[in-house]
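Comments concern the structure below.
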Amino acid sequence: MAINLQKGQRQNIDAPKFTIGLGWDANNSSTGGSFDLDASVFVLDENKKIISDEFFVFYNNLQTPDKAVTHTGDNLTGDGDGDDEQIKIDLTGVDPRVKEIIVVVTIHEADSRNQNFGQVRNSFIRIFNTDTNEEILKYELDEDFSIETAVEFGRVYERNGEWKFEAVGNGQREGLAKYLSLYQ
């Protein structure tokens with residue numbers, strides 16, 4: 001049975017291969033336009049920096065060079081139930097320099113569309129075993145991000161040979177560029 005986490009909680013991930021599922025529902029009627037939310041993954045070294053440009057995974061770079069982190073593709077509408085976007089992780093093949101994997105969701109063209117996460121509901125991040133489909137954990141973001149255009153949903157990190165997940169749920173309003181400046 002999956003563990004439901006609260007903001008700031010951490011949990012061991014006892015699966016060498018797992019999938020990160022991300023979901024959300026946007027209120028398209030509040031702005032008159034459709035929302036396009038995008039998952040991005042920052043694969044970091046021990047200094048909390050992206051190892052190289054190829055270790056920034058998003059809709060235009062779907063896989064790290066070691067093939068251990070794979071984005072399954074961009075969902076342009078977020079319609080339907082379940083995961084809107086997924087990231088597959090294979091810890092058995094991860095580059096030894098990798099110490100942390102940050103998962104961020106941004107709203108594409110948020111400023112020009114006058115959109116923010118205050119208009120997004122039912123956001124979640126979950127991790128499930130890729131081989132068995134058994135859900136390991138889930139974190140439902142319950143905060144109202146009324147001005148934020150980017151939210152760090154969670155992070156996977158290595159400590160003392162074990163991989164863990166932390167439910168983060170921190171937003172900011174400077175979009176993807178802010179995260180890129182933090183991790184480059």
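Here's how to read the names in the structure tokens: chain A, B, ... by the order shown, residue numbers from 1 in each chain, ligand numbers from 1 in the order shown.
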
Q: Determine which residues of range 4-162 of chain A receive a DSSP assignment of strand (DSSP E), computed from the backbone, and state them as a PyMOL selection string.
A: chain A and resi 4-5+10-12+17-26+37-44+56-57+69-71+85-90+100-107+120-129+135-140+150-159+162

Q) Which is closest to Lys88 in chain A among A:Val103, A:Val69, A:Leu137, A:Ala2, if we use only C-alpha atoms? A) A:Val69

Q: Please indicate the distance in Å from CA of Asp111 in chain A to CA of Thr149 in chain A, rounded to one decimal place.
A: 8.1 Å

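Every residue of range 11-97 of chain A with a DSSP assignment of helix (DSSP H, G or I), taken from the backbone, is listed as Asn28, Ser29, Ser30, Asp53, Glu54, Phe55, Leu91, Thr92 and Gly93 of chain A.
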
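Residue nearest Ile107 in chain A within the list A:Asp53, A:Glu46, A:Glu148, A:Glu158: A:Glu148 [criterion: smallest interatomic distance, only C-alpha atoms].
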
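Take the candidates A:Val57, A:Ala110, A:Ile136, A:Ile51 and check each one against Arg97 in chain A using only C-alpha atoms; the shortest distance goes to A:Ile51.
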
Hey, what's within 10 Å of Ala177 in chain A if we count only C-alpha atoms and toss same-chain stuff fewer than 4 positions away? As a PDB file with N, CA, C and O atoms, in the first residue's frame, please?
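Result file part.pdb:
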```pdb
ATOM      1  N   ALA A 150       5.975  28.076 -11.343  1.00  0.00           N
ATOM      2  CA  ALA A 150       6.795  26.875 -11.321  1.00  0.00           C
ATOM      3  C   ALA A 150       6.760  26.304  -9.907  1.00  0.00           C
ATOM      4  O   ALA A 150       6.748  27.064  -8.932  1.00  0.00           O
ATOM      5  N   SER A 181      18.899  28.744 -13.337  1.00  0.00           N
ATOM      6  CA  SER A 181      19.954  29.562 -12.724  1.00  0.00           C
ATOM      7  C   SER A 181      20.430  28.967 -11.401  1.00  0.00           C
ATOM      8  O   SER A 181      21.598  29.103 -11.040  1.00  0.00           O
ATOM      9  N   LEU A 182      19.566  28.280 -10.682  1.00  0.00           N
ATOM     10  CA  LEU A 182      19.955  27.666  -9.413  1.00  0.00           C
ATOM     11  C   LEU A 182      20.874  26.470  -9.612  1.00  0.00           C
ATOM     12  O   LEU A 182      21.782  26.248  -8.813  1.00  0.00           O
TER      13      LEU A 182
END
```

**Q.** Shell of 7 Å around Lys48 in chain A, only C-alpha atoms, local chain residues under 3 positions omitted, as an MDAnalysis selection string
**A.** chainID A and resid 44:45 183

Would you mind exporting all heavy atoms of the selected residues as a short mmCIF file (atom, residue, chain, number, x, y, z; two decimals), in the first residue's frame?
```
data_model
loop_
_atom_site.label_atom_id
_atom_site.label_comp_id
_atom_site.auth_asym_id
_atom_site.auth_seq_id
_atom_site.Cartn_x
_atom_site.Cartn_y
_atom_site.Cartn_z
N LEU A 44 21.41 16.15 -10.71
CA LEU A 44 22.47 16.93 -10.07
C LEU A 44 23.58 16.07 -9.49
O LEU A 44 23.36 14.92 -9.12
CB LEU A 44 21.87 17.78 -8.94
CG LEU A 44 20.65 18.63 -9.28
CD1 LEU A 44 20.18 19.38 -8.05
CD2 LEU A 44 20.92 19.57 -10.44
N ASP A 45 24.75 16.70 -9.37
CA ASP A 45 25.89 16.05 -8.72
C ASP A 45 25.93 16.42 -7.24
O ASP A 45 25.00 17.04 -6.72
CB ASP A 45 27.19 16.43 -9.44
CG ASP A 45 27.50 17.92 -9.40
OD1 ASP A 45 26.93 18.66 -8.55
OD2 ASP A 45 28.34 18.37 -10.20
N TYR A 183 20.62 25.70 -10.66
CA TYR A 183 21.30 24.41 -10.81
C TYR A 183 22.39 24.35 -11.86
O TYR A 183 23.02 23.34 -12.04
CB TYR A 183 20.26 23.31 -11.04
CG TYR A 183 19.28 23.18 -9.91
CD1 TYR A 183 17.92 23.24 -10.13
CD2 TYR A 183 19.72 23.02 -8.60
CE1 TYR A 183 17.02 23.11 -9.08
CE2 TYR A 183 18.84 22.91 -7.54
CZ TYR A 183 17.48 22.96 -7.79
OH TYR A 183 16.61 22.86 -6.75
#
```

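Proximity to Asp14 in chain A was assessed for A:Leu180, A:Val41, A:Ile127, A:Ile102 counting only C-alpha atoms; the smallest distance is recorded for A:Ile127.
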
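Interatomic distance, CA of Thr72 in chain A to CA of Asn27 in chain A: 24.3 Å.
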
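Our summary of the geometry notes that CA of Ser112 in chain A is positioned 16.4 Å from CA of Ala26 in chain A.
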
Q) Quick one: of A:Pro65, A:Pro16, A:Gly8, A:Gly175, who's nearest to Asn129 in chain A, counting only C-alpha atoms? A) A:Pro16

Q | Close residues, Thr70 in chain A itself excluded, 7 Å, only C-alpha atoms, min 5 positions apart in chain, as a ChimeraX atom specification | A | /A:62-64,87-89

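For Gly73 in chain A, the set of protein, DNA and RNA residues having any atom at most 8 Å away, when counting only C-alpha atoms and skipping those fewer than 2 positions along the same chain, is A:Tyr59, A:Leu62, A:His71, A:Asn75, A:Glu85, A:Gln86.
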
Print the selection's residues with all heavy atoms to a file, as a PDB file, in the first residue's frame.
```pdb
ATOM      1  N   TYR A  59      10.867  18.140 -22.292  1.00  0.00           N
ATOM      2  CA  TYR A  59      10.233  17.703 -23.536  1.00  0.00           C
ATOM      3  C   TYR A  59      11.137  17.774 -24.764  1.00  0.00           C
ATOM      4  O   TYR A  59      10.855  17.114 -25.765  1.00  0.00           O
ATOM      5  CB  TYR A  59       8.914  18.448 -23.780  1.00  0.00           C
ATOM      6  CG  TYR A  59       9.049  19.949 -23.899  1.00  0.00           C
ATOM      7  CD1 TYR A  59       9.404  20.556 -25.091  1.00  0.00           C
ATOM      8  CD2 TYR A  59       8.808  20.765 -22.800  1.00  0.00           C
ATOM      9  CE1 TYR A  59       9.520  21.925 -25.197  1.00  0.00           C
ATOM     10  CE2 TYR A  59       8.918  22.136 -22.892  1.00  0.00           C
ATOM     11  CZ  TYR A  59       9.269  22.710 -24.096  1.00  0.00           C
ATOM     12  OH  TYR A  59       9.390  24.071 -24.189  1.00  0.00           O
ATOM     13  N   LEU A  62      14.648  14.125 -23.850  1.00  0.00           N
ATOM     14  CA  LEU A  62      13.863  13.141 -23.118  1.00  0.00           C
ATOM     15  C   LEU A  62      14.673  12.126 -22.315  1.00  0.00           C
ATOM     16  O   LEU A  62      14.085  11.343 -21.576  1.00  0.00           O
ATOM     17  CB  LEU A  62      12.921  12.396 -24.078  1.00  0.00           C
ATOM     18  CG  LEU A  62      11.847  13.261 -24.742  1.00  0.00           C
ATOM     19  CD1 LEU A  62      11.055  12.432 -25.750  1.00  0.00           C
ATOM     20  CD2 LEU A  62      10.917  13.873 -23.703  1.00  0.00           C
ATOM     21  N   HIS A  71      12.126  10.831 -19.743  1.00  0.00           N
ATOM     22  CA  HIS A  71      10.834  11.517 -19.768  1.00  0.00           C
ATOM     23  C   HIS A  71      10.016  10.847 -20.866  1.00  0.00           C
ATOM     24  O   HIS A  71      10.498  10.688 -21.983  1.00  0.00           O
ATOM     25  CB  HIS A  71      11.072  12.991 -20.086  1.00  0.00           C
ATOM     26  CG  HIS A  71       9.903  13.893 -19.890  1.00  0.00           C
ATOM     27  ND1 HIS A  71       8.676  13.692 -20.459  1.00  0.00           N
ATOM     28  CD2 HIS A  71       9.799  15.036 -19.162  1.00  0.00           C
ATOM     29  CE1 HIS A  71       7.863  14.670 -20.112  1.00  0.00           C
ATOM     30  NE2 HIS A  71       8.524  15.495 -19.310  1.00  0.00           N
ATOM     31  N   ASN A  75       2.712  16.099 -22.398  1.00  0.00           N
ATOM     32  CA  ASN A  75       1.259  16.093 -22.507  1.00  0.00           C
ATOM     33  C   ASN A  75       0.851  17.553 -22.624  1.00  0.00           C
ATOM     34  O   ASN A  75       1.002  18.322 -21.677  1.00  0.00           O
ATOM     35  CB  ASN A  75       0.647  15.439 -21.266  1.00  0.00           C
ATOM     36  CG  ASN A  75      -0.868  15.425 -21.293  1.00  0.00           C
ATOM     37  OD1 ASN A  75      -1.511  16.255 -21.922  1.00  0.00           O
ATOM     38  ND2 ASN A  75      -1.435  14.468 -20.586  1.00  0.00           N
ATOM     39  N   GLU A  85       2.130  13.339 -16.946  1.00  0.00           N
ATOM     40  CA  GLU A  85       3.465  13.098 -17.493  1.00  0.00           C
ATOM     41  C   GLU A  85       4.183  12.125 -16.566  1.00  0.00           C
ATOM     42  O   GLU A  85       3.862  12.031 -15.380  1.00  0.00           O
ATOM     43  CB  GLU A  85       4.250  14.406 -17.647  1.00  0.00           C
ATOM     44  CG  GLU A  85       3.629  15.314 -18.700  1.00  0.00           C
ATOM     45  CD  GLU A  85       4.469  16.506 -19.111  1.00  0.00           C
ATOM     46  OE1 GLU A  85       5.669  16.563 -18.747  1.00  0.00           O
ATOM     47  OE2 GLU A  85       3.935  17.370 -19.814  1.00  0.00           O
ATOM     48  N   GLN A  86       5.149  11.395 -17.133  1.00  0.00           N
ATOM     49  CA  GLN A  86       5.892  10.404 -16.359  1.00  0.00           C
ATOM     50  C   GLN A  86       7.388  10.498 -16.639  1.00  0.00           C
ATOM     51  O   GLN A  86       7.797  10.825 -17.754  1.00  0.00           O
ATOM     52  CB  GLN A  86       5.426   8.978 -16.684  1.00  0.00           C
ATOM     53  CG  GLN A  86       4.029   8.667 -16.209  1.00  0.00           C
ATOM     54  CD  GLN A  86       3.653   7.209 -16.455  1.00  0.00           C
ATOM     55  OE1 GLN A  86       4.210   6.539 -17.326  1.00  0.00           O
ATOM     56  NE2 GLN A  86       2.700   6.725 -15.677  1.00  0.00           N
TER      57      GLN A  86
END
```

Would you mind listing what lies within 9 Å of His108 in chain A as a short mmCIF file (atom, residue, chain, number, x, y, z; two decimals) with N, CA, C and O atoms, in the first residue's frame, with only C-alpha atoms counted and same-chain residues fewer than 5 positions away left out?
```cif
data_model
loop_
_atom_site.label_atom_id
_atom_site.label_comp_id
_atom_site.auth_asym_id
_atom_site.auth_seq_id
_atom_site.Cartn_x
_atom_site.Cartn_y
_atom_site.Cartn_z
N PHE A 35 -4.11 25.30 -20.65
CA PHE A 35 -2.86 25.23 -19.91
C PHE A 35 -1.98 24.15 -20.51
O PHE A 35 -2.47 23.11 -20.92
N ASP A 36 -0.68 24.41 -20.54
CA ASP A 36 0.30 23.40 -20.91
C ASP A 36 1.33 23.36 -19.80
O ASP A 36 2.19 24.25 -19.70
N LEU A 37 1.22 22.37 -18.93
CA LEU A 37 2.18 22.20 -17.85
C LEU A 37 3.26 21.22 -18.31
O LEU A 37 2.97 20.27 -19.02
N ASP A 38 4.48 21.50 -17.90
CA ASP A 38 5.62 20.71 -18.35
C ASP A 38 6.45 20.24 -17.16
O ASP A 38 6.83 21.05 -16.31
N ARG A 113 0.13 34.14 -20.97
CA ARG A 113 -1.23 33.59 -20.87
C ARG A 113 -1.92 34.00 -19.56
O ARG A 113 -3.05 33.61 -19.31
N THR A 149 4.52 30.26 -10.95
CA THR A 149 4.42 29.68 -12.29
C THR A 149 5.28 28.43 -12.42
O THR A 149 5.31 27.81 -13.48
N GLY A 175 9.43 31.10 -13.08
CA GLY A 175 9.43 30.09 -14.12
C GLY A 175 10.66 29.19 -14.14
O GLY A 175 11.44 29.15 -13.19
#
```

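Minimum atom-to-atom distance to Gly21 in chain A, evaluated using only C-alpha atoms, belongs to A:Ile125 out of A:Ala39, A:Val156, A:Ile125, A:Val151.
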